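**Student:** My questions will all concern the structure given below.
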Amino acid sequence: TPCEMAATPDHNVPPMVIPSLRSAIASACMLALACGRASAGPGSMRYELGKGSASVGSVFSAGSTCGFEPGARLAELKGGGVAGEAPFYFTARVPHEGNWRVTVTLLNPDPDRPSHATVKAELRRLMVEHVRIFPGGEIIRSFIVNTRVPRIEARNGVAAGVVRLKAPRETGQEAWAWDDAITLEFNGDRPAARSVTIEPADVPTIFLIGDSTVCDQSREPYNSWGQMLPRFFGPGLAVANHGESGETYRDSIGRRRLDKIISVMRPGDWLFMQFGHNDQKQIKAGTGGPFTTYETEMKEHIDAVKRVGGHPVVVSPMERRNFDEHGRIVPTLADYAKASREVAAREGVPFIDLNAMSIPFYEALGPEKSALAFAAPDGRQDNTHHDNYGSYELAKCIVQGIRNAHLDLERFISPEFTGFDPARPDPLDGFDVPPSPNFTNQRPLGD
């Protein structure tokens, strides 16, 4: 199958060039992706970092099958592998969209001090969190990365077509989420790695659909619970985040994001859906409200998932940071939370009340300290969009919601997750997910 090209990330090519390159890239994919690749199992790709085309000077570009993203400051290690002076990215093309099991060998080249490693994938999806590596040692970790392209195949009753991506946002800084490659971010106090293995993974998938509080935010300081969620599952489950900033249930339908999900969904897969923040705008426009079109469009999502044998899960929208003089949250999304609960009950599908869980979380931190759970680029406080800490805690709420609802997904939860009470959040001073290198002052779309 040819490597699928998508809209333009910084390391990719303009869409109009894609047809002329497709056959060449397909051939490269089928020829073992000659990129420092060592032997691996059928259908898998293994890359020995620091060797061949994966040498420290290898820069990923339009004609590459793999390489390091521009700006990497790397040193080749004598025993094999590479070490970075700062966090670095490695990208490898894959022959088709879907779920991939990625196995990384992480190193600590320092013979005297332990190190800690964190790995993120694509747009800052947290995969490996702060694992300790002994002096001079190494550790192997596996996780599942989902990839996708904008094209929609005619499957599961969905007509062929394409997802209507937002330009320039999704076709530029967010395009790593829509390309034909897997991009890994190696982070930590002394990031170093020896090898990367990528192989097809036949595993169930949790699809996510939602707004800016769910989607993969591309740059610091913004983050969402959807980006943190993969960290809390083992390598037997994929998380495919189809959310996008500024959107509503209506946008999910109109831009064909729901169609894309349904076209690749298999019986037994899941769709977690959370909208509300932007749906409020429809009241002002006179085109909807929580107990009218919002409910109707939510039901359309539920019906589509059920039709293909999937499992819909309704998630209520978390509250905004909005305190009264007594240190209590002033609800702004209560009607949307109520509508979500009522539709879930009426349709007989699971419901996770993130709205209700977010309130004790914010109140436990208090009016001042809770600001540290939200993004504040250049000191400009955002009371809707979260930072790494805030989204990490909300992801824990989602996982606890899965457990509370006794969903079959419980069996995939990482044993490291021991439960979460939002009224007793993790201490801020103990949070240690390192920030990614890229930063923006541009606020995500929506409110």
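By convention here, the chains of the structure tokens are called A, B, ... in the order presented, each chain's residues are numbered starting at 1, and ligands are numbered starting at 1 in the order presented.
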Which residues, written as a list in words, have at least one atom at most 9 Å from Arg255 in chain A, with only C-alpha atoms counted and residues fewer than 4 positions away on the same chain left out?
**Tutor:**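 Listing them by chain and then by number gives Val162, Val163, Arg164, Leu165, Arg250, Asp251 and Asp259 of chain A.
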**Student:** Quick one: residues within 10 Å of Ala159 in chain A, only C-alpha atoms, excluding same-chain residues fewer than 6 positions away - as a PyMOL selection string?
**Tutor:** chain A and resi 152-153+259-260+263
**Student:** Using the chain letters and numbers from this document, which residues of range 264-379 of chain A does DSSP assign to strand (DSSP E), as number ranges by chain?
**Tutor:** A: 270-274, 311-315, 351-352
**Student:** Might you pull out every residue within 8 Å of Phe68 in chain A, with only C-alpha atoms counted and same-chain residues fewer than 3 positions away left off, and present them as a PyMOL selection string?
**Tutor:** chain A and resi 54+56+58-60+72+88-91
**Student:** Hey, could you make a per-residue contact list for range 181-252 of chain A against range 373-391 of chain A with 9 Å as the cut-off, showing the nearest pair of atoms and its distance in Å to one decimal, counting only C-alpha atoms, sorted by chain and number, as a Markdown table?
**Tutor:**
```
| residue | atom | partner | partner_atom | distance |
| --- | --- | --- | --- | --- |
| A:Ser212 | CA | A:His385 | CA | 7.3 |
| A:Thr213 | CA | A:His385 | CA | 6.1 |
| A:Val214 | CA | A:Ser391 | CA | 8.9 |
| A:Glu220 | CA | A:Asp387 | CA | 7.7 |
| A:Pro221 | CA | A:Ala375 | CA | 5.5 |
| A:Tyr222 | CA | A:Asp387 | CA | 4.9 |
| A:Asn223 | CA | A:Asp387 | CA | 5.0 |
| A:Ser224 | CA | A:Ser391 | CA | 4.9 |
| A:Trp225 | CA | A:Ser391 | CA | 4.4 |
| A:Gly226 | CA | A:Ser391 | CA | 8.0 |
| A:Gln227 | CA | A:Ser391 | CA | 8.0 |
| A:Met228 | CA | A:Ser391 | CA | 6.7 |
```
**Student:** I need the chosen residues saved as a PDB file, in the first residue's frame, with N, CA and C atoms.
**Tutor:**
```
ATOM      1  N   SER A 212     -11.336  22.351  21.716  1.00  0.00           N
ATOM      2  CA  SER A 212      -9.952  22.662  22.095  1.00  0.00           C
ATOM      3  C   SER A 212      -9.550  22.071  23.429  1.00  0.00           C
ATOM      4  N   THR A 213     -10.503  21.710  24.272  1.00  0.00           N
ATOM      5  CA  THR A 213     -10.171  21.102  25.558  1.00  0.00           C
ATOM      6  C   THR A 213      -9.960  19.600  25.441  1.00  0.00           C
ATOM      7  N   VAL A 214     -10.157  19.064  24.225  1.00  0.00           N
ATOM      8  CA  VAL A 214      -9.995  17.630  23.963  1.00  0.00           C
ATOM      9  C   VAL A 214      -8.868  17.368  22.959  1.00  0.00           C
ATOM     10  N   GLU A 220       3.166  24.360  23.369  1.00  0.00           N
ATOM     11  CA  GLU A 220       3.060  24.880  24.725  1.00  0.00           C
ATOM     12  C   GLU A 220       2.569  26.328  24.666  1.00  0.00           C
ATOM     13  N   PRO A 221       1.890  26.801  25.722  1.00  0.00           N
ATOM     14  CA  PRO A 221       1.613  26.121  26.985  1.00  0.00           C
ATOM     15  C   PRO A 221       0.274  25.383  26.993  1.00  0.00           C
ATOM     16  N   TYR A 222      -0.412  25.293  25.835  1.00  0.00           N
ATOM     17  CA  TYR A 222      -1.741  24.694  25.783  1.00  0.00           C
ATOM     18  C   TYR A 222      -1.663  23.178  25.717  1.00  0.00           C
ATOM     19  N   ASN A 223      -2.635  22.538  26.358  1.00  0.00           N
ATOM     20  CA  ASN A 223      -2.683  21.086  26.360  1.00  0.00           C
ATOM     21  C   ASN A 223      -4.116  20.658  26.647  1.00  0.00           C
ATOM     22  N   SER A 224      -4.446  19.412  26.307  1.00  0.00           N
ATOM     23  CA  SER A 224      -5.801  18.915  26.545  1.00  0.00           C
ATOM     24  C   SER A 224      -5.760  17.530  27.177  1.00  0.00           C
ATOM     25  N   TRP A 225      -6.888  17.148  27.769  1.00  0.00           N
ATOM     26  CA  TRP A 225      -6.928  15.810  28.388  1.00  0.00           C
ATOM     27  C   TRP A 225      -6.769  14.714  27.354  1.00  0.00           C
ATOM     28  N   GLY A 226      -7.182  14.976  26.089  1.00  0.00           N
ATOM     29  CA  GLY A 226      -7.015  13.965  25.053  1.00  0.00           C
ATOM     30  C   GLY A 226      -5.560  13.641  24.773  1.00  0.00           C
ATOM     31  N   GLN A 227      -4.675  14.615  24.960  1.00  0.00           N
ATOM     32  CA  GLN A 227      -3.243  14.388  24.742  1.00  0.00           C
ATOM     33  C   GLN A 227      -2.612  13.585  25.877  1.00  0.00           C
ATOM     34  N   MET A 228      -3.160  13.716  27.064  1.00  0.00           N
ATOM     35  CA  MET A 228      -2.618  13.018  28.221  1.00  0.00           C
ATOM     36  C   MET A 228      -3.186  11.605  28.371  1.00  0.00           C
TER      37      MET A 228
END
```
**Student:** Using only C-alpha atoms, determine which residues lie at most 9 Å from range 144-149 of chain A, disregarding the query and same-chain residues fewer than 3 positions distant; provide the list as a VMD selection string.
**Tutor:** chain A and resid 4 to 7 94 96 to 103 121 to 122 125 127 152 162 to 163 177 to 182 201 203 205 230 234 to 241
